[in-house]
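Text of target11.cif, listed as mmCIF, C-alpha atoms:
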```cif
data_entry
loop_
_atom_site.group_PDB
_atom_site.id
_atom_site.type_symbol
_atom_site.label_atom_id
_atom_site.label_comp_id
_atom_site.auth_asym_id
_atom_site.auth_seq_id
_atom_site.Cartn_x
_atom_site.Cartn_y
_atom_site.Cartn_z
ATOM 1 C CA MET K 23 40.299 18.241 -37.855
ATOM 2 C CA ASP K 24 43.591 16.368 -37.417
ATOM 3 C CA LYS K 25 43.875 12.688 -36.554
ATOM 4 C CA LEU K 26 44.512 13.349 -32.859
ATOM 5 C CA GLY K 27 41.478 15.606 -32.652
ATOM 6 C CA SER K 28 39.313 13.065 -34.447
ATOM 7 C CA HIS K 29 40.465 10.325 -32.094
ATOM 8 C CA CYS K 30 39.642 12.427 -29.017
ATOM 9 C CA TYR K 31 36.241 13.355 -30.440
ATOM 10 C CA LEU K 32 35.346 9.688 -31.043
ATOM 11 C CA ASN K 33 36.415 8.789 -27.511
ATOM 12 C CA PHE K 34 34.236 11.618 -26.226
ATOM 13 C CA LEU K 35 31.170 10.289 -28.069
ATOM 14 C CA THR K 36 31.894 6.687 -27.068
ATOM 15 C CA GLY K 37 32.026 7.740 -23.434
ATOM 16 C CA PHE K 38 28.343 8.633 -23.600
ATOM 17 C CA GLN K 39 27.294 5.299 -25.096
ATOM 18 C CA PRO K 40 26.812 3.403 -21.785
ATOM 19 C CA HIS K 41 24.752 6.289 -20.515
ATOM 20 C CA GLN K 42 22.637 6.188 -23.652
ATOM 21 C CA ASP K 43 22.137 2.412 -23.278
ATOM 22 C CA LEU K 44 21.079 2.866 -19.674
ATOM 23 C CA THR K 45 18.620 5.567 -20.681
ATOM 24 C CA ALA K 46 17.143 3.326 -23.372
ATOM 25 C CA LYS K 47 16.734 0.475 -20.900
ATOM 26 C CA LEU K 48 15.131 2.802 -18.382
ATOM 27 C CA GLU K 49 12.687 4.075 -20.989
ATOM 28 C CA SER K 50 11.846 0.490 -21.962
ATOM 29 C CA ALA K 51 11.198 -0.397 -18.312
ATOM 30 C CA LEU K 52 8.984 2.650 -17.806
ATOM 31 C CA LYS K 53 6.908 1.718 -20.861
ATOM 32 C CA LYS K 54 5.965 -1.520 -19.095
ATOM 33 C CA LEU K 55 4.388 0.603 -16.361
ATOM 34 C CA GLU K 56 2.275 2.553 -18.830
ATOM 35 C CA ARG K 57 -1.474 2.022 -18.998
ATOM 36 C CA GLY K 58 -2.424 -0.447 -21.702
ATOM 37 C CA SER K 59 1.110 -1.830 -22.088
ATOM 38 C CA SER K 60 -0.169 -5.366 -21.450
ATOM 39 C CA SER K 61 -1.201 -7.419 -24.466
ATOM 40 C CA ILE K 62 -4.210 -8.681 -22.479
ATOM 41 C CA ASP K 63 -7.451 -6.722 -22.535
ATOM 42 C CA TRP K 64 -10.486 -8.429 -21.037
ATOM 43 C CA CYS K 65 -14.010 -8.169 -22.363
ATOM 44 C CA GLU K 66 -15.232 -5.416 -20.037
ATOM 45 C CA ASN K 67 -15.322 -1.999 -21.712
ATOM 46 C CA ASN K 68 -12.340 0.132 -20.717
ATOM 47 C CA TYR K 69 -12.793 3.340 -18.702
ATOM 48 C CA ALA K 70 -16.578 3.028 -18.970
ATOM 49 C CA ILE K 71 -17.290 3.866 -15.300
ATOM 50 C CA PHE K 72 -14.351 5.962 -14.031
ATOM 51 C CA PRO K 73 -11.712 7.661 -16.185
ATOM 52 C CA GLY K 74 -8.873 6.450 -13.944
ATOM 53 C CA ILE K 75 -9.872 2.777 -13.842
ATOM 54 C CA ALA K 76 -9.618 0.673 -16.986
ATOM 55 C CA GLU K 77 -11.888 -2.204 -15.914
ATOM 56 C CA PHE K 78 -14.025 -1.083 -12.979
ATOM 57 C CA PHE K 79 -15.986 -4.274 -12.246
ATOM 58 C CA ASN K 80 -12.922 -6.458 -12.747
ATOM 59 C CA CYS K 81 -11.263 -4.304 -10.078
ATOM 60 C CA ILE K 82 -13.965 -4.281 -7.413
ATOM 61 C CA SER K 83 -14.640 -8.014 -7.788
ATOM 62 C CA ASN K 84 -11.196 -8.598 -6.250
ATOM 63 C CA ALA K 85 -12.427 -7.167 -2.946
ATOM 64 C CA VAL K 86 -13.211 -10.706 -1.735
ATOM 65 C CA PHE K 87 -9.470 -11.501 -1.867
ATOM 66 C CA ILE K 88 -8.801 -8.712 0.602
ATOM 67 C CA VAL K 89 -11.841 -8.844 2.891
ATOM 68 C CA VAL K 90 -12.167 -12.579 3.632
ATOM 69 C CA PRO K 91 -8.550 -13.679 4.454
ATOM 70 C CA PRO K 92 -8.306 -11.608 7.690
ATOM 71 C CA LEU K 93 -11.438 -13.426 8.887
ATOM 72 C CA LEU K 94 -9.790 -16.741 8.011
ATOM 73 C CA VAL K 95 -6.688 -15.777 9.994
ATOM 74 C CA TYR K 96 -8.978 -15.305 13.010
ATOM 75 C CA LEU K 97 -10.934 -18.532 12.487
ATOM 76 C CA TYR K 98 -7.782 -20.592 11.902
ATOM 77 C CA ARG K 99 -6.012 -19.586 15.132
ATOM 78 C CA PRO K 100 -6.163 -23.084 16.733
ATOM 79 C CA TYR K 101 -5.015 -24.728 13.499
ATOM 80 C CA ALA K 102 -2.177 -22.239 13.001
ATOM 81 C CA LYS K 103 -1.026 -22.650 16.611
ATOM 82 C CA ASN K 104 -1.140 -26.439 16.821
ATOM 83 C CA VAL K 105 -0.902 -27.844 13.289
ATOM 84 C CA ASN K 106 0.606 -25.580 10.638
ATOM 85 C CA ALA K 107 1.322 -21.885 11.187
ATOM 86 C CA SER K 108 2.239 -21.547 7.506
ATOM 87 C CA ILE K 109 -1.445 -21.410 6.602
ATOM 88 C CA ASN K 110 -1.319 -17.698 7.391
ATOM 89 C CA VAL K 111 1.152 -17.366 4.517
ATOM 90 C CA MET K 112 -1.585 -18.665 2.216
ATOM 91 C CA TRP K 113 -4.072 -16.070 3.441
ATOM 92 C CA PHE K 114 -1.465 -13.338 2.948
ATOM 93 C CA LEU K 115 -0.717 -14.557 -0.582
ATOM 94 C CA LEU K 116 -4.426 -14.580 -1.458
ATOM 95 C CA MET K 117 -4.615 -10.943 -0.349
ATOM 96 C CA THR K 118 -1.550 -10.224 -2.485
ATOM 97 C CA VAL K 119 -3.271 -11.778 -5.501
ATOM 98 C CA GLY K 120 -6.254 -9.506 -4.949
ATOM 99 C CA MET K 121 -4.170 -6.347 -4.658
ATOM 100 C CA CYS K 122 -2.056 -7.201 -7.708
ATOM 101 C CA SER K 123 -5.170 -8.020 -9.705
ATOM 102 C CA ILE K 124 -6.749 -4.692 -8.765
ATOM 103 C CA TYR K 125 -3.628 -2.887 -9.953
ATOM 104 C CA PHE K 126 -3.574 -4.827 -13.228
ATOM 105 C CA HIS K 127 -7.240 -4.303 -14.096
ATOM 106 C CA ALA K 128 -7.049 -0.634 -13.141
ATOM 107 C CA THR K 129 -4.108 0.036 -15.473
ATOM 108 C CA LEU K 130 -3.832 -2.925 -17.893
ATOM 109 C CA SER K 131 -0.078 -2.458 -17.620
ATOM 110 C CA LEU K 132 2.444 -5.209 -18.305
ATOM 111 C CA VAL K 133 3.916 -4.837 -14.814
ATOM 112 C CA GLY K 134 0.443 -5.264 -13.326
ATOM 113 C CA GLN K 135 -0.119 -8.372 -15.421
ATOM 114 C CA LEU K 136 3.162 -9.918 -14.261
ATOM 115 C CA LEU K 137 2.500 -9.101 -10.595
ATOM 116 C CA ASP K 138 -0.956 -10.672 -10.855
ATOM 117 C CA GLU K 139 0.254 -13.845 -12.552
ATOM 118 C CA VAL K 140 3.368 -14.318 -10.416
ATOM 119 C CA ALA K 141 1.267 -13.957 -7.255
ATOM 120 C CA ILE K 142 -1.034 -16.731 -8.502
ATOM 121 C CA ILE K 143 1.960 -18.992 -9.190
ATOM 122 C CA TRP K 144 3.206 -18.458 -5.630
ATOM 123 C CA VAL K 145 -0.233 -19.227 -4.153
ATOM 124 C CA VAL K 146 -0.521 -22.518 -6.047
ATOM 125 C CA LEU K 147 2.994 -23.761 -5.313
ATOM 126 C CA CYS K 148 2.846 -22.601 -1.692
ATOM 127 C CA GLY K 149 -0.238 -24.779 -1.270
ATOM 128 C CA VAL K 150 1.593 -27.714 -2.836
ATOM 129 C CA ALA K 151 4.568 -27.198 -0.514
ATOM 130 C CA HIS K 152 2.436 -27.091 2.636
ATOM 131 C CA TRP K 153 -0.228 -29.708 1.967
ATOM 132 C CA TYR K 154 0.982 -32.261 -0.550
ATOM 133 C CA PRO K 155 0.570 -35.556 1.383
ATOM 134 C CA ARG K 156 3.806 -37.160 2.527
ATOM 135 C CA ARG K 157 2.721 -40.593 1.308
ATOM 136 C CA TYR K 158 2.996 -39.308 -2.284
ATOM 137 C CA TYR K 159 6.546 -37.944 -1.849
ATOM 138 C CA PRO K 160 9.303 -39.448 -4.002
ATOM 139 C CA ALA K 161 11.261 -42.043 -2.024
ATOM 140 C CA PHE K 162 14.462 -39.952 -1.838
ATOM 141 C CA PHE K 163 12.667 -37.349 0.323
ATOM 142 C CA ASN K 164 12.020 -40.006 2.970
ATOM 143 C CA GLY K 165 8.913 -38.112 4.068
ATOM 144 C CA ASN K 166 10.868 -34.969 4.927
ATOM 145 C CA ARG K 167 8.617 -31.965 4.260
ATOM 146 C CA LYS K 168 11.431 -29.432 4.673
ATOM 147 C CA TYR K 169 13.366 -30.886 1.738
ATOM 148 C CA PHE K 170 10.157 -31.093 -0.279
ATOM 149 C CA LYS K 171 9.444 -27.416 0.404
ATOM 150 C CA LEU K 172 12.938 -26.496 -0.793
ATOM 151 C CA MET K 173 12.323 -28.364 -4.044
ATOM 152 C CA VAL K 174 8.982 -26.596 -4.541
ATOM 153 C CA LEU K 175 10.660 -23.250 -3.784
ATOM 154 C CA ALA K 176 13.209 -23.932 -6.527
ATOM 155 C CA PHE K 177 10.401 -24.727 -8.987
ATOM 156 C CA THR K 178 8.571 -21.570 -7.907
ATOM 157 C CA ILE K 179 11.593 -19.391 -8.655
ATOM 158 C CA VAL K 180 12.046 -21.042 -12.067
ATOM 159 C CA PHE K 181 8.357 -20.590 -12.936
ATOM 160 C CA THR K 182 8.531 -16.947 -11.796
ATOM 161 C CA ILE K 183 11.445 -16.269 -14.137
ATOM 162 C CA MET K 184 9.652 -18.032 -16.996
ATOM 163 C CA ALA K 185 6.509 -15.983 -16.335
ATOM 164 C CA CYS K 186 8.501 -12.762 -16.706
ATOM 165 C CA ILE K 187 10.271 -13.926 -19.873
ATOM 166 C CA LYS K 188 7.142 -15.015 -21.765
ATOM 167 C CA PRO K 189 4.084 -13.276 -20.235
ATOM 168 C CA SER K 190 1.801 -14.150 -23.159
ATOM 169 C CA LEU K 191 1.846 -17.839 -22.204
ATOM 170 C CA ASN K 192 1.182 -17.397 -18.490
ATOM 171 C CA ASN K 193 -2.595 -17.807 -18.620
ATOM 172 C CA PHE K 194 -2.380 -21.108 -20.462
ATOM 173 C CA PHE K 195 0.498 -22.196 -18.232
ATOM 174 C CA MET K 196 -1.371 -21.588 -14.953
ATOM 175 C CA LEU K 197 -4.787 -23.082 -15.722
ATOM 176 C CA PRO K 198 -3.458 -26.670 -16.113
ATOM 177 C CA PHE K 199 -2.421 -26.527 -12.428
ATOM 178 C CA ILE K 200 -6.109 -26.937 -11.588
ATOM 179 C CA ILE K 201 -6.242 -30.464 -13.052
ATOM 180 C CA PRO K 202 -3.730 -32.137 -10.655
ATOM 181 C CA CYS K 203 -5.347 -30.282 -7.754
ATOM 182 C CA LEU K 204 -8.734 -31.777 -8.625
ATOM 183 C CA VAL K 205 -7.194 -35.232 -9.086
ATOM 184 C CA MET K 206 -5.513 -34.991 -5.671
ATOM 185 C CA LEU K 207 -8.816 -33.791 -4.191
ATOM 186 C CA VAL K 208 -10.604 -36.896 -5.486
ATOM 187 C CA PHE K 209 -7.878 -39.186 -4.117
ATOM 188 C CA GLU K 210 -7.993 -37.585 -0.678
ATOM 189 C CA LEU K 211 -11.798 -37.575 -0.483
ATOM 190 C CA LYS K 212 -11.693 -41.356 -0.871
ATOM 191 C CA HIS K 213 -9.837 -41.492 2.468
ATOM 192 C CA THR K 214 -12.331 -39.425 4.433
ATOM 193 C CA GLU K 215 -15.551 -40.521 6.094
ATOM 194 C CA CYS K 216 -16.701 -37.004 6.975
ATOM 195 C CA GLN K 217 -19.744 -36.226 4.872
ATOM 196 C CA ARG K 218 -19.288 -32.499 5.436
ATOM 197 C CA VAL K 219 -15.842 -32.595 3.866
ATOM 198 C CA THR K 220 -17.062 -34.766 1.001
ATOM 199 C CA ARG K 221 -19.906 -32.357 0.290
ATOM 200 C CA LEU K 222 -17.577 -29.342 0.401
ATOM 201 C CA GLY K 223 -15.199 -31.173 -1.934
ATOM 202 C CA ARG K 224 -17.951 -31.693 -4.499
ATOM 203 C CA ILE K 225 -18.976 -28.038 -4.263
ATOM 204 C CA ASN K 226 -15.339 -27.043 -4.624
ATOM 205 C CA ALA K 227 -14.822 -29.131 -7.785
ATOM 206 C CA THR K 228 -18.027 -27.765 -9.318
ATOM 207 C CA THR K 229 -17.024 -24.197 -8.535
ATOM 208 C CA TRP K 230 -13.627 -24.732 -10.159
ATOM 209 C CA VAL K 231 -15.259 -25.979 -13.359
ATOM 210 C CA ILE K 232 -17.721 -23.059 -13.490
ATOM 211 C CA SER K 233 -15.013 -20.479 -12.752
ATOM 212 C CA VAL K 234 -12.705 -21.792 -15.479
ATOM 213 C CA GLY K 235 -15.694 -21.797 -17.841
ATOM 214 C CA CYS K 236 -16.228 -18.094 -17.087
ATOM 215 C CA TRP K 237 -12.554 -17.324 -17.763
ATOM 216 C CA VAL K 238 -12.462 -19.247 -21.039
ATOM 217 C CA SER K 239 -15.771 -17.809 -22.240
ATOM 218 C CA ASP K 240 -14.732 -14.227 -21.471
ATOM 219 C CA TYR K 241 -11.381 -14.746 -23.206
ATOM 220 C CA PHE K 242 -12.542 -16.518 -26.372
ATOM 221 C CA LEU K 243 -16.187 -15.435 -26.753
ATOM 222 C CA CYS K 244 -15.912 -11.756 -25.938
ATOM 223 C CA ASP K 245 -17.762 -10.695 -29.095
ATOM 224 C CA VAL K 246 -20.745 -12.816 -28.086
ATOM 225 C CA TRP K 247 -20.921 -11.314 -24.590
ATOM 226 C CA GLN K 248 -20.449 -7.813 -25.959
ATOM 227 C CA THR K 249 -23.403 -8.416 -28.257
ATOM 228 C CA LEU K 250 -25.446 -9.524 -25.249
ATOM 229 C CA SER K 251 -24.278 -6.435 -23.305
ATOM 230 C CA PHE K 252 -22.841 -8.633 -20.550
ATOM 231 C CA PRO K 253 -19.019 -8.431 -20.714
ATOM 232 C CA TYR K 254 -18.609 -9.339 -17.028
ATOM 233 C CA LEU K 255 -17.648 -13.010 -16.968
ATOM 234 C CA HIS K 256 -14.101 -12.196 -15.898
ATOM 235 C CA CYS K 257 -15.565 -10.344 -12.937
ATOM 236 C CA MET K 258 -17.526 -13.497 -12.068
ATOM 237 C CA TRP K 259 -14.310 -15.511 -12.498
ATOM 238 C CA HIS K 260 -12.633 -13.442 -9.778
ATOM 239 C CA ILE K 261 -15.375 -14.171 -7.249
ATOM 240 C CA LEU K 262 -15.746 -17.840 -8.140
ATOM 241 C CA VAL K 263 -12.015 -18.524 -8.294
ATOM 242 C CA PHE K 264 -11.570 -16.987 -4.853
ATOM 243 C CA VAL K 265 -14.294 -19.256 -3.463
ATOM 244 C CA SER K 266 -12.640 -22.200 -5.230
ATOM 245 C CA ALA K 267 -9.143 -21.306 -4.016
ATOM 246 C CA TYR K 268 -9.970 -20.675 -0.392
ATOM 247 C CA THR K 269 -12.252 -23.726 -0.073
ATOM 248 C CA THR K 270 -9.406 -25.763 -1.581
ATOM 249 C CA CYS K 271 -7.206 -24.409 1.219
ATOM 250 C CA VAL K 272 -9.869 -25.365 3.775
ATOM 251 C CA ILE K 273 -10.223 -28.905 2.444
ATOM 252 C CA PHE K 274 -6.509 -29.592 2.199
ATOM 253 C CA SER K 275 -5.859 -28.058 5.608
ATOM 254 C CA TYR K 276 -8.375 -30.581 6.954
ATOM 255 C CA PHE K 277 -6.566 -33.414 5.158
ATOM 256 C CA ASP K 278 -3.249 -32.135 6.528
ATOM 257 C CA ALA K 279 -4.504 -32.067 10.121
ATOM 258 C CA ARG K 280 -6.124 -35.490 9.719
ATOM 259 C CA ASN K 281 -2.905 -36.997 8.321
ATOM 260 C CA GLU K 282 -0.371 -35.241 10.560
ATOM 261 C CA CYS K 283 -2.157 -35.086 13.920
ATOM 262 C CA PRO K 284 -5.438 -37.031 13.934
ATOM 263 C CA GLU K 285 -5.368 -37.135 17.740
ATOM 264 C CA MET K 286 -6.353 -33.452 17.779
ATOM 265 C CA GLY K 287 -9.684 -34.250 16.136
ATOM 266 C CA PRO K 288 -9.810 -31.815 13.192
ATOM 267 C CA VAL K 289 -13.375 -30.848 12.276
ATOM 268 C CA LEU K 290 -14.963 -28.751 9.559
ATOM 269 C CA ARG K 291 -17.055 -25.870 10.878
ATOM 270 C CA TYR K 292 -18.970 -22.939 9.407
ATOM 271 C CA TRP K 293 -18.969 -19.302 10.484
ATOM 272 C CA PRO K 294 -20.991 -17.505 11.830
ATOM 273 C CA ARG K 295 -23.361 -20.437 12.541
ATOM 274 C CA ASP K 296 -22.246 -24.023 12.185
ATOM 275 C CA ARG K 297 -25.633 -25.061 10.809
ATOM 276 C CA TRP K 298 -25.278 -22.569 7.926
ATOM 277 C CA SER K 299 -23.421 -25.033 5.738
ATOM 278 C CA ASN K 300 -24.964 -23.574 2.589
ATOM 279 C CA PHE K 301 -24.072 -19.934 3.249
ATOM 280 C CA GLY K 302 -21.461 -19.888 6.009
ATOM 281 C CA VAL K 303 -17.685 -19.582 5.737
ATOM 282 C CA PRO K 304 -16.052 -23.020 6.115
ATOM 283 C CA TYR K 305 -12.949 -23.410 8.263
ATOM 284 C CA VAL K 306 -11.076 -26.117 10.168
ATOM 285 C CA THR K 307 -10.757 -26.197 13.933
ATOM 286 C CA LEU K 308 -9.644 -28.787 16.496
ATOM 287 C CA LYS K 309 -11.531 -30.703 19.154
ATOM 288 C CA CYS K 310 -8.351 -31.161 21.172
ATOM 289 C CA SER K 311 -5.368 -28.798 21.130
ATOM 290 C CA GLY K 312 -1.829 -29.926 21.762
ATOM 291 C CA ILE K 313 1.732 -29.602 20.532
ATOM 292 C CA LYS K 314 2.386 -31.069 17.102
ATOM 293 C CA PRO K 315 5.396 -33.418 16.990
ATOM 294 C CA ILE K 316 8.475 -31.983 15.249
ATOM 295 C CA ASP K 317 9.178 -33.386 11.764
#
```

Let's see the structure in the file written out as C-alpha cells.
Amino acid sequence: MDKLGSHCYLNFLTGFQPHQDLTAKLESALKKLERGSSSIDWCENNYAIFPGIAEFFNCISNAVFIVVPPLLVYLYRPYAKNVNASINVMWFLLMTVGMCSIYFHATLSLVGQLLDEVAIIWVVLCGVAHWYPRRYYPAFFNGNRKYFKLMVLAFTIVFTIMACIKPSLNNFFMLPFIIPCLVMLVFELKHTECQRVTRLGRINATTWVISVGCWVSDYFLCDVWQTLSFPYLHCMWHILVFVSAYTTCVIFSYFDARNECPEMGPVLRYWPRDRWSNFGVPYVTLKCSGIKPID
C-alpha cells in the first residue's frame, strides 16, 4: 500500500474512534443498570422468595413510604393552606424514597442504589430548608427564609453530585445527618409546654436510635443474623426509619407553625381517634385558620 493509501486508511479508522468511545461509555452506563451491579448487598438472602426480586422483604417493607403520605396530605390540608404548603413536597419526597428503595432492593443495581440514596439526601435537606428555625440563621440572612432555601438547594446539588461520584461512602455520609436533627429536636422541645409534643419527641428520638441500630447491626453483623436465621433487620430499619422520619416532620411542622403563626393555635392530633395517642397517626392542625403573613 502506498503512503497516500496508508494515510487514507488511518483516517478511515480514526473516524470510527469517537463512535467506539461512545459505544464503550454506553456499555458502561448500561452495566450500572444490571442486577447486582451495586457493591451493597444486604443480609437478606437474594432471590429466596421470588426469582425476579433480589430482596423480597426489603422491598415490601417500603410500602409504608407509599401508603401513609397520601393520608398525611389529607390530614395536613389546614396546615398546608395556612402555614406552609411546601410540606406536601416532603410527603412526595418520602414516597419517592420508598419507590427508589423498592427498585434498589429488587435489583441491587448501582442506579437503584444511587436513586435511593439521592432521594434520602433530598428529603433531609428539604426538611432543613423548610423548618430550620429562623432564630438560628446566620446574621447575613437577616431571617430571610428564601435566601436560606437557596443556600440549602446549592448544598443539596453539591451533595447529589458527590453521592454519584463516590457511592460507597453514601451510607456513612447520610447517617451523621441524624445527629444534628436530634440535637435540634432537643433544643426545640425545651421551648414547648405541650406534653403531647414532648412525649412524641421522646418516642421519635428513641425510634431513631433503634432504627439506626437495626441498620448498623444488619450491615456489620450479618453473619450473626444469618446464623440465627433472621436476616431481616434492614427490613425493620425501613419501617422504623419511616416512622422516625415522618414523626420528625410532624414535630418540626408543629414547631414551625408555633414559631411563624402562633395566633392560629397549632395543635398535635391523632388519626383516626385523638385519644389513640399510642397507636394513631400524629399530625398537626390549627384551632384558628387565617392567612399567613408574607415573609

Practice task
Give as a list in words the residues that the PyMOL selection byres ((chain K and resi 94-96) around 9) matches when applied to the coordinates above.
Solution key: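 On this input, the PyMOL selection byres ((chain K and resi 94-96) around 9) captures Val90, Pro91, Pro92, Leu93, Leu97, Tyr98, Arg99, Ala102, Ile109, Asn110, Trp113, Val303 and Tyr305 of chain K.
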
Exercise for the section: Determine the nearest neighbour of Ile82 (chain K) from the options K:Asp63, K:Met117, K:Lys103, K:His260, counting only C-alpha atoms. Expected result: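 Among K:Asp63, K:Met117, K:Lys103, K:His260, it is K:His260 that comes nearest to Ile82 (chain K).
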
Just want the 12 Å neighbourhood of Ser190 (chain K), counted on only C-alpha atoms, with same-chain residues fewer than 3 positions away dropped. Output as a JSON list (two decimals) with C-alpha atoms, in the coordinates of the input.
```json
[["chain", "number", "residue", "atom", "x", "y", "z"],
["K", 60, "SER", "CA", -0.17, -5.37, -21.45],
["K", 61, "SER", "CA", -1.20, -7.42, -24.47],
["K", 62, "ILE", "CA", -4.21, -8.68, -22.48],
["K", 63, "ASP", "CA", -7.45, -6.72, -22.54],
["K", 132, "LEU", "CA", 2.44, -5.21, -18.30],
["K", 135, "GLN", "CA", -0.12, -8.37, -15.42],
["K", 136, "LEU", "CA", 3.16, -9.92, -14.26],
["K", 139, "GLU", "CA", 0.25, -13.84, -12.55],
["K", 184, "MET", "CA", 9.65, -18.03, -17.00],
["K", 185, "ALA", "CA", 6.51, -15.98, -16.34],
["K", 186, "CYS", "CA", 8.50, -12.76, -16.71],
["K", 187, "ILE", "CA", 10.27, -13.93, -19.87],
["K", 193, "ASN", "CA", -2.60, -17.81, -18.62],
["K", 194, "PHE", "CA", -2.38, -21.11, -20.46],
["K", 195, "PHE", "CA", 0.50, -22.20, -18.23],
["K", 196, "MET", "CA", -1.37, -21.59, -14.95]]
```

Practice task
List the residues selected by the PyMOL selection byres ((chain K and resi 155-162) around 10) in the file shown, writing them as a list in words.
Solution key: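 Evaluating the PyMOL selection byres ((chain K and resi 155-162) around 10) on this file yields Val150, Ala151, His152, Trp153, Tyr154, Phe163, Asn164, Gly165, Asn166, Arg167, Tyr169, Phe170, Met206, Glu210, Phe274, Phe277, Asp278, Asn281 and Glu282 of chain K.
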
Practice task
Compare K:Cys271, K:Val140, K:Ala85, K:Leu308 by their minimum atom-to-atom distance to Glu285 (chain K), counting only C-alpha atoms, and give me the closest one.
Solution key: K:Leu308

Handout entry: Chain and number of each residue from the PyMOL selection byres ((chain K and resi 261) around 9), as number ranges by chain
Key = K: 83-87, 233, 256-260, 262-266

Where atoms are missing, can you supply N, CA, C and O atoms for region 203-215 of chain K and output the lot as an mmCIF file, in the frame of the given file?
```cif
data_model
loop_
_atom_site.group_PDB
_atom_site.id
_atom_site.type_symbol
_atom_site.label_atom_id
_atom_site.label_comp_id
_atom_site.auth_asym_id
_atom_site.auth_seq_id
_atom_site.Cartn_x
_atom_site.Cartn_y
_atom_site.Cartn_z
ATOM 1 N N CYS K 203 -4.712 -30.601 -9.045
ATOM 2 C CA CYS K 203 -5.347 -30.282 -7.754
ATOM 3 C C CYS K 203 -6.668 -31.031 -7.602
ATOM 4 O O CYS K 203 -6.964 -31.580 -6.530
ATOM 5 N N LEU K 204 -7.457 -31.060 -8.666
ATOM 6 C CA LEU K 204 -8.734 -31.777 -8.625
ATOM 7 C C LEU K 204 -8.517 -33.278 -8.500
ATOM 8 O O LEU K 204 -9.259 -33.967 -7.782
ATOM 9 N N VAL K 205 -7.498 -33.797 -9.186
ATOM 10 C CA VAL K 205 -7.194 -35.232 -9.086
ATOM 11 C C VAL K 205 -6.794 -35.583 -7.652
ATOM 12 O O VAL K 205 -7.262 -36.582 -7.080
ATOM 13 N N MET K 206 -5.924 -34.750 -7.054
ATOM 14 C CA MET K 206 -5.513 -34.991 -5.671
ATOM 15 C C MET K 206 -6.703 -34.869 -4.725
ATOM 16 O O MET K 206 -6.818 -35.629 -3.752
ATOM 17 N N LEU K 207 -7.613 -33.949 -5.012
ATOM 18 C CA LEU K 207 -8.816 -33.791 -4.191
ATOM 19 C C LEU K 207 -9.649 -35.068 -4.205
ATOM 20 O O LEU K 207 -10.103 -35.541 -3.144
ATOM 21 N N VAL K 208 -9.829 -35.653 -5.373
ATOM 22 C CA VAL K 208 -10.604 -36.896 -5.486
ATOM 23 C C VAL K 208 -9.932 -38.019 -4.707
ATOM 24 O O VAL K 208 -10.601 -38.765 -3.970
ATOM 25 N N PHE K 209 -8.604 -38.134 -4.838
ATOM 26 C CA PHE K 209 -7.878 -39.186 -4.117
ATOM 27 C C PHE K 209 -8.037 -39.042 -2.608
ATOM 28 O O PHE K 209 -8.261 -40.026 -1.887
ATOM 29 N N GLU K 210 -7.919 -37.810 -2.122
ATOM 30 C CA GLU K 210 -7.993 -37.585 -0.678
ATOM 31 C C GLU K 210 -9.412 -37.767 -0.144
ATOM 32 O O GLU K 210 -9.604 -38.230 0.981
ATOM 33 N N LEU K 211 -10.412 -37.402 -0.933
ATOM 34 C CA LEU K 211 -11.798 -37.575 -0.483
ATOM 35 C C LEU K 211 -12.141 -39.050 -0.302
ATOM 36 O O LEU K 211 -13.024 -39.394 0.497
ATOM 37 N N LYS K 212 -11.459 -39.918 -1.028
ATOM 38 C CA LYS K 212 -11.693 -41.356 -0.871
ATOM 39 C C LYS K 212 -11.226 -41.865 0.489
ATOM 40 O O LYS K 212 -11.651 -42.940 0.928
ATOM 41 N N HIS K 213 -10.365 -41.078 1.167
ATOM 42 C CA HIS K 213 -9.837 -41.492 2.468
ATOM 43 C C HIS K 213 -10.552 -40.822 3.633
ATOM 44 O O HIS K 213 -10.126 -40.934 4.776
ATOM 45 N N THR K 214 -11.614 -40.091 3.344
ATOM 46 C CA THR K 214 -12.331 -39.425 4.433
ATOM 47 C C THR K 214 -13.736 -39.983 4.572
ATOM 48 O O THR K 214 -14.384 -40.352 3.585
ATOM 49 N N GLU K 215 -14.198 -40.049 5.813
ATOM 50 C CA GLU K 215 -15.551 -40.521 6.094
ATOM 51 C C GLU K 215 -16.468 -39.372 6.506
ATOM 52 O O GLU K 215 -17.648 -39.591 6.758
#
```
